Amino acid sequence: MALIVQKFGGTSVGDANRIRHVAQRIVATHNAGNQVAAVVSAMGQSTDELVDLAGEVSDNSYPREMDMLLTAGERISMALLAMAIQDLGVPALSLTGSQAGILTTANHGQAEIIGIRADRVRDGLDHGRIVIVAGFQGFSPDSRDITTLGRGGSDATAVALAAALGADVCEIYTDVDGVFTADPRLIPDATMLPEISFAEMLELAGAGTGVLMARSVEFGRRYQIPIHVRSSFHEREGTWVKETTMEEPIVRGVAYETNDAKVTIHGVPDQPGVAARVFEPLAEAGVNVDMIVQNVSTAGTTDISFTVAKSQAEMARTVTEVVAAGMRAGGVDVDTEIAKVSLVGAGMKTELGIAGRMFRILADHAINIEMISTSPIRISCVVRGRDVDAAVRSLHDGFALGDPTKEAAQ
């Protein structure tokens with residue numbers, strides 16, 4: 001008997017018919033002799049609809065009340081799915097995040113899981129029930145409030161629950177077949193990867209691939225829980241995310257992110273402690289900084305540029321303008337018309353010339369690079385937002401990542 005955690009996203013439970021289909025799939029897994037815990041997202045676009053409704057009621061931000069509101073979507077899904085499962089003759093138990101013992105920090109809207117007391121889930125499984133857990137939410141023992149985990153938080157719920165239960169696998173059911181070498185909506189001949197390492201998946205998730213939330217991959221890597229990303233709409237194998245021992249291909253995929261902004265502080269005094277004076281206040285304000293570049297000093301001053309999420313761009317502007325005034329810098333610019341394109345692959349750390357080849361491909365397509373950052377298995381470039389589609393296509397073609405069978409069929 002295996003213990004399997006299955007997660008179903010909003011598209012998978014988008015209406016009554018799809019909920020019944022998901023119920024049949026879960027019951028089939030249960031009837032095959034497995035214990036099954038399922039994690040569900042809110043139906044379709046219901047979370048966005050609740051956000052819009054809150055905006056119609058009030059122009060102000062009330063983080064605690066927003067979390068109370070948004071968690072309603074998953075509670076609806078879990079109850080309906082439990083009903084559909086019981087109609088198929090299998091006992092089921094639906095639990096909210098707090099009932100399932102998911103403990104989080106007190107940060108409303110972006111809480112992090114700090115532990116799971118899964119006794120109630122285990123008890124349900126031991127009594128032959130399918131246990132349905134509401135994703136995206138938990139309970140802060142410090143504030144004693146309901147919290148949410150941020151966009152994609154149901155992925156983190158599922159993998160963290162799998163880790164707490166000691167599950168054999170966590171299956172992430174979605175509206176795509178698996179993890180691809182590039183976004184298949186943009187690159188029709190993108191190749192589905194049968195297997196990818198945790199490290200590569202973390203880099204792809206951080207670089208903009210929306211298939212898995214990065215925190216869920218980190219849970220999988222930390223607790224060695226294999227993650228199977230697969231489609232809700234057919235039975236074929238998807239992509240396995242796990243530790244691998246085989247030699248990795250050089251480049252596994254191209255990812256892109258269009259929700260970043262670049263902040264530049266001009267004329268910063270080039271002296272010790274300046275970077276701390278810039279980035280400590282940003283951290284205190286909750287602004288997450290990604291790429292950072294400091295130019296060569298000229299006449300005792302330099303420019304510092306960094307990227308943040310567009311949603312935090314105005315907060316970053318406010319903070320850095322105060323900092324810039326305090327150190328008599330030349331001023332602050334915020335550029336929201338950028339994008340980030342990244343190459344990812346574990347084989348890159350031992351292969352010479354990948355960066356030069358990437359830069360040559362972009363140059364040959366007249367795409368200017370504004371910022372560069374690297375890790376052992378990733379190279380990221382900031383380009384103009386209007387150039388990102390061409391950048392992804394040229395790199396995908398230039399590194400021969402396409403599926404030749406798709407090309408032949410076109």
# chains A, B, ... in the order shown; residues from 1 in each chain; ligands from 1

$ residues_around --residues "A:Val341" --least-positions-apart "4" --cutoff "10 Å" --atoms "only C-alpha atoms" --output "compact mmCIF listing (two decimals) with C-alpha atoms, in the first residue's frame"
# COMPACT_ATOMS: atom_id res chain seq x y z
CA ALA A 207 13.04 32.28 -13.16
CA GLY A 208 9.35 32.44 -14.02
CA VAL A 254 14.36 28.47 -21.02
CA ALA A 255 12.22 30.45 -18.58
CA TYR A 256 11.04 34.03 -18.60
CA GLU A 257 9.50 36.52 -16.19
CA THR A 258 7.59 39.65 -17.21
CA ILE A 369 21.22 42.73 -22.38
CA ILE A 372 23.19 39.59 -15.97
CA ILE A 379 22.17 32.34 -16.42
CA SER A 380 19.61 35.17 -16.37
CA CYS A 381 19.52 38.32 -18.50
CA VAL A 382 17.32 41.38 -18.19
CA VAL A 383 16.08 42.56 -21.60
CA GLY A 385 9.94 43.60 -22.25
CA ASP A 387 12.05 41.54 -26.75
CA VAL A 388 11.27 38.70 -24.36
CA ASP A 389 9.29 36.51 -26.80
CA ALA A 391 14.68 36.07 -26.72
CA VAL A 392 12.94 32.88 -25.57
CA LEU A 395 17.52 30.64 -27.18

$ residues_around --residues "A:Ala42" --least-positions-apart "4" --cutoff "6 Å" --atoms "only C-alpha atoms" --output "ChimeraX atom specification"
/A:10,73-74,77

$ closest_residue --among "A:Ser46, A:Thr104, A:Thr191, A:Gln271" --to "A:Ile76" --atoms "only C-alpha atoms"
A:Ser46

$ residues_around --residues "A:Met66" --least-positions-apart "5" --cutoff "12 Å" --atoms "only C-alpha atoms" --output "PDB file with C-alpha atoms, in the first residue's frame"
ATOM      1  CA  THR A  47      -9.814  33.736  -5.875  1.00  0.00           C
ATOM      2  CA  ASP A  48      -9.498  36.578  -8.400  1.00  0.00           C
ATOM      3  CA  LEU A  50     -12.988  37.466  -4.367  1.00  0.00           C
ATOM      4  CA  VAL A  51     -10.104  39.935  -4.712  1.00  0.00           C
ATOM      5  CA  ASP A  52     -12.191  42.005  -7.142  1.00  0.00           C
ATOM      6  CA  LEU A  53     -15.164  41.878  -4.794  1.00  0.00           C
ATOM      7  CA  ALA A  54     -13.037  43.159  -1.919  1.00  0.00           C
ATOM      8  CA  GLY A  55     -11.935  46.043  -4.158  1.00  0.00           C
ATOM      9  CA  VAL A  57     -16.312  46.991  -1.092  1.00  0.00           C
ATOM     10  CA  SER A  58     -13.258  48.954   0.082  1.00  0.00           C
ATOM     11  CA  ASN A  60      -8.239  50.042   1.737  1.00  0.00           C
ATOM     12  CA  SER A  61      -6.040  47.032   2.449  1.00  0.00           C
ATOM     13  CA  THR A  71      -9.618  31.033   2.229  1.00  0.00           C
ATOM     14  CA  ALA A  72     -13.337  30.615   1.526  1.00  0.00           C
ATOM     15  CA  GLY A  73     -12.564  29.532  -2.051  1.00  0.00           C
ATOM     16  CA  HIS A 108      -0.861  37.635   5.990  1.00  0.00           C
ATOM     17  CA  GLY A 109      -0.915  37.004   2.255  1.00  0.00           C
ATOM     18  CA  GLN A 110       2.601  35.501   2.151  1.00  0.00           C
ATOM     19  CA  GLN A 137      -4.014  28.336   3.845  1.00  0.00           C
ATOM     20  CA  ASP A 145      -5.279  33.925  12.819  1.00  0.00           C
ATOM     21  CA  ILE A 146      -6.011  32.196   9.532  1.00  0.00           C
ATOM     22  CA  THR A 147      -3.277  32.912   6.958  1.00  0.00           C
ATOM     23  CA  THR A 148      -2.690  32.385   3.237  1.00  0.00           C
ATOM     24  CA  GLY A 150       0.547  33.409  -1.583  1.00  0.00           C
TER      25      GLY A 150
END

$ residues_around --residues "A:Phe219" --least-positions-apart "2" --cutoff "8 Å" --atoms "only C-alpha atoms" --output "list in words"
Ala156, Val159, Ala160, Ala163, Arg215, Ser216, Val217, Arg221, Arg222, Tyr223, Gln224 and Ile225 of chain A

$ write_last_selection --atoms "N, CA and C atoms" --output "JSON list (two decimals), in the first residue's frame"
[["chain", "number", "residue", "atom", "x", "y", "z"],
["A", 156, "ALA", "N", 2.66, 24.25, -2.21],
["A", 156, "ALA", "CA", 3.42, 24.13, -0.96],
["A", 156, "ALA", "C", 2.66, 23.31, 0.06],
["A", 159, "VAL", "N", 3.02, 19.44, -0.96],
["A", 159, "VAL", "CA", 4.32, 18.80, -0.77],
["A", 159, "VAL", "C", 4.70, 18.79, 0.71],
["A", 160, "ALA", "N", 4.36, 19.85, 1.43],
["A", 160, "ALA", "CA", 4.63, 19.87, 2.87],
["A", 160, "ALA", "C", 3.81, 18.80, 3.59],
["A", 163, "ALA", "N", 5.38, 15.50, 2.98],
["A", 163, "ALA", "CA", 6.56, 15.32, 3.83],
["A", 163, "ALA", "C", 6.16, 14.95, 5.25],
["A", 215, "ARG", "N", 8.61, 27.21, -3.41],
["A", 215, "ARG", "CA", 8.65, 26.68, -2.04],
["A", 215, "ARG", "C", 8.25, 25.21, -2.00],
["A", 216, "SER", "N", 7.35, 24.79, -2.90],
["A", 216, "SER", "CA", 6.95, 23.38, -2.92],
["A", 216, "SER", "C", 8.12, 22.51, -3.36],
["A", 217, "VAL", "N", 8.90, 22.99, -4.32],
["A", 217, "VAL", "CA", 10.07, 22.23, -4.78],
["A", 217, "VAL", "C", 11.10, 22.13, -3.66],
["A", 221, "ARG", "N", 12.73, 18.74, -2.11],
["A", 221, "ARG", "CA", 14.17, 18.48, -2.03],
["A", 221, "ARG", "C", 14.61, 18.22, -0.60],
["A", 222, "ARG", "N", 14.10, 19.03, 0.33],
["A", 222, "ARG", "CA", 14.53, 18.91, 1.72],
["A", 222, "ARG", "C", 14.14, 17.57, 2.32],
["A", 223, "TYR", "N", 12.92, 17.11, 1.98],
["A", 223, "TYR", "CA", 12.41, 15.88, 2.59],
["A", 223, "TYR", "C", 12.39, 14.70, 1.62],
["A", 224, "GLN", "N", 13.00, 14.89, 0.44],
["A", 224, "GLN", "CA", 13.13, 13.82, -0.54],
["A", 224, "GLN", "C", 11.78, 13.19, -0.89],
["A", 225, "ILE", "N", 10.81, 14.05, -1.23],
["A", 225, "ILE", "CA", 9.49, 13.61, -1.69],
["A", 225, "ILE", "C", 9.45, 13.76, -3.20]]

$ residues_around --residues "A:Ala28" --least-positions-apart "4" --cutoff "12 Å" --atoms "only C-alpha atoms" --output "PyMOL selection string"
chain A and resi 21-24+32-36+85+88-90+130+235

$ atom_distance --atom1 "atom CA of A:Ala346" --atom2 "atom CA of A:Ile377"
5.0 Å

$ select_by_dssp --residues "stretch 152-306 of chain A" --states "strand (DSSP E)" --output "ChimeraX atom specification"
/A:169-174,195-196,227-231,239-241,253-257,260-269,289-294,301-306

$ write_last_selection --atoms "N, CA and C atoms" --output "tab-separated table (two decimals), in the first residue's frame"
chain	number	residue	atom	x	y	z
A	169	VAL	N	4.79	9.68	-2.73
A	169	VAL	CA	4.87	10.59	-3.86
A	169	VAL	C	3.83	11.70	-3.66
A	170	CYS	N	4.12	12.86	-4.21
A	170	CYS	CA	3.14	13.95	-4.28
A	170	CYS	C	2.85	14.21	-5.75
A	171	GLU	N	1.61	14.00	-6.15
A	171	GLU	CA	1.20	14.21	-7.54
A	171	GLU	C	0.55	15.58	-7.66
A	172	ILE	N	1.07	16.41	-8.56
A	172	ILE	CA	0.53	17.74	-8.81
A	172	ILE	C	-0.22	17.70	-10.13
A	173	TYR	N	-1.55	17.74	-10.05
A	173	TYR	CA	-2.38	17.69	-11.25
A	173	TYR	C	-2.69	19.12	-11.70
A	174	THR	N	-2.49	19.36	-12.99
A	174	THR	CA	-2.64	20.71	-13.51
A	174	THR	C	-3.22	20.65	-14.92
A	195	GLU	N	11.83	13.88	-16.74
A	195	GLU	CA	12.44	13.93	-15.41
A	195	GLU	C	13.29	15.18	-15.30
A	196	ILE	N	13.32	15.77	-14.12
A	196	ILE	CA	14.14	16.95	-13.88
A	196	ILE	C	14.54	16.95	-12.42
A	227	ILE	N	8.05	14.46	-6.73
A	227	ILE	CA	6.88	15.22	-7.19
A	227	ILE	C	6.60	14.83	-8.63
A	228	HIS	N	5.36	14.45	-8.91
A	228	HIS	CA	4.97	14.06	-10.26
A	228	HIS	C	4.00	15.09	-10.80
A	229	VAL	N	4.45	15.92	-11.73
A	229	VAL	CA	3.61	16.94	-12.35
A	229	VAL	C	2.92	16.32	-13.56
A	230	ARG	N	1.59	16.31	-13.56
A	230	ARG	CA	0.89	15.62	-14.64
A	230	ARG	C	-0.46	16.29	-14.91
A	231	SER	N	-1.08	15.90	-16.01
A	231	SER	CA	-2.33	16.52	-16.44
A	231	SER	C	-3.53	15.92	-15.71
A	239	THR	N	5.93	14.81	-15.70
A	239	THR	CA	7.34	15.05	-15.37
A	239	THR	C	7.59	14.71	-13.91
A	240	TRP	N	8.63	13.90	-13.67
A	240	TRP	CA	9.04	13.58	-12.31
A	240	TRP	C	10.13	14.56	-11.86
A	241	VAL	N	9.88	15.19	-10.72
A	241	VAL	CA	10.87	16.09	-10.11
A	241	VAL	C	11.45	15.34	-8.92
A	253	GLY	N	16.11	23.97	-19.99
A	253	GLY	CA	14.96	24.78	-20.36
A	253	GLY	C	15.26	26.26	-20.39
A	254	VAL	N	14.32	27.01	-20.97
A	254	VAL	CA	14.36	28.47	-21.02
A	254	VAL	C	13.13	28.99	-20.30
A	255	ALA	N	13.33	29.86	-19.33
A	255	ALA	CA	12.22	30.45	-18.58
A	255	ALA	C	12.23	31.96	-18.75
A	256	TYR	N	11.09	32.57	-18.52
A	256	TYR	CA	11.04	34.03	-18.60
A	256	TYR	C	10.08	34.58	-17.56
A	257	GLU	N	10.31	35.83	-17.19
A	257	GLU	CA	9.50	36.52	-16.19
A	257	GLU	C	9.23	37.93	-16.68
A	260	ASP	N	8.63	41.79	-13.45
A	260	ASP	CA	9.69	42.45	-12.70
A	260	ASP	C	9.82	43.92	-13.12
A	261	ALA	N	10.43	44.70	-12.25
A	261	ALA	CA	10.79	46.09	-12.55
A	261	ALA	C	12.23	46.31	-12.14
A	262	LYS	N	12.89	47.26	-12.81
A	262	LYS	CA	14.29	47.59	-12.48
A	262	LYS	C	14.34	48.95	-11.81
A	263	VAL	N	15.00	48.99	-10.67
A	263	VAL	CA	15.19	50.24	-9.91
A	263	VAL	C	16.66	50.62	-10.00
A	264	THR	N	16.93	51.87	-10.36
A	264	THR	CA	18.31	52.36	-10.45
A	264	THR	C	18.48	53.59	-9.58
A	265	ILE	N	19.49	53.56	-8.72
A	265	ILE	CA	19.87	54.73	-7.93
A	265	ILE	C	21.13	55.31	-8.57
A	266	HIS	N	21.04	56.54	-9.03
A	266	HIS	CA	22.15	57.17	-9.75
A	266	HIS	C	23.05	57.95	-8.79
A	267	GLY	N	24.33	57.99	-9.15
A	267	GLY	CA	25.26	58.85	-8.42
A	267	GLY	C	25.42	58.51	-6.96
A	268	VAL	N	25.50	57.23	-6.65
A	268	VAL	CA	25.67	56.81	-5.26
A	268	VAL	C	27.15	56.96	-4.87
A	269	PRO	N	27.46	57.54	-3.70
A	269	PRO	CA	28.86	57.63	-3.28
A	269	PRO	C	29.49	56.24	-3.20
A	289	VAL	N	14.39	41.67	-3.21
A	289	VAL	CA	15.29	42.09	-4.29
A	289	VAL	C	15.85	40.85	-4.97
A	290	ASP	N	15.90	40.88	-6.30
A	290	ASP	CA	16.43	39.74	-7.06
A	290	ASP	C	17.83	40.07	-7.58
A	291	MET	N	17.95	40.49	-8.82
A	291	MET	CA	19.25	40.77	-9.43
A	291	MET	C	19.79	42.12	-8.97
A	292	ILE	N	21.10	42.21	-8.76
A	292	ILE	CA	21.75	43.45	-8.34
A	292	ILE	C	23.00	43.67	-9.19
A	293	VAL	N	23.16	44.89	-9.70
A	293	VAL	CA	24.34	45.26	-10.47
A	293	VAL	C	24.83	46.62	-9.98
A	294	GLN	N	26.14	46.73	-9.70
A	294	GLN	CA	26.75	48.01	-9.37
A	294	GLN	C	27.77	48.35	-10.44
A	301	THR	N	31.57	58.20	-7.66
A	301	THR	CA	30.17	57.77	-7.53
A	301	THR	C	29.91	56.60	-8.48
A	302	THR	N	28.83	55.91	-8.22
A	302	THR	CA	28.45	54.77	-9.04
A	302	THR	C	26.93	54.68	-9.11
A	303	ASP	N	26.42	53.85	-10.00
A	303	ASP	CA	24.99	53.56	-10.07
A	303	ASP	C	24.74	52.16	-9.56
A	304	ILE	N	23.67	51.98	-8.82
A	304	ILE	CA	23.25	50.65	-8.35
A	304	ILE	C	21.89	50.35	-8.94
A	305	SER	N	21.78	49.22	-9.64
A	305	SER	CA	20.49	48.78	-10.20
A	305	SER	C	20.12	47.43	-9.60
A	306	PHE	N	18.82	47.22	-9.41
A	306	PHE	CA	18.34	45.93	-8.91
A	306	PHE	C	16.91	45.72	-9.41

$ atom_distance --atom1 "atom CA of A:Arg75" --atom2 "atom CA of A:Val179"
28.3 Å

$ closest_residue --among "A:Arg18, A:Ala355, A:Gly9, A:Ala2" --to "A:His30" --atoms "only C-alpha atoms"
A:Ala2

$ residues_around --residues "A:Ser154" --least-positions-apart "3" --cutoff "9 Å" --atoms "only C-alpha atoms" --output "count of residues only"
18

$ closest_residue --among "A:Leu165, A:Val176, A:Ala313, A:Ile102" --to "A:Phe233" --atoms "only C-alpha atoms"
A:Val176

$ closest_residue --among "A:Met371, A:Ala339, A:Ala82, A:Met315" --to "A:Phe359" --atoms "only C-alpha atoms"
A:Met371
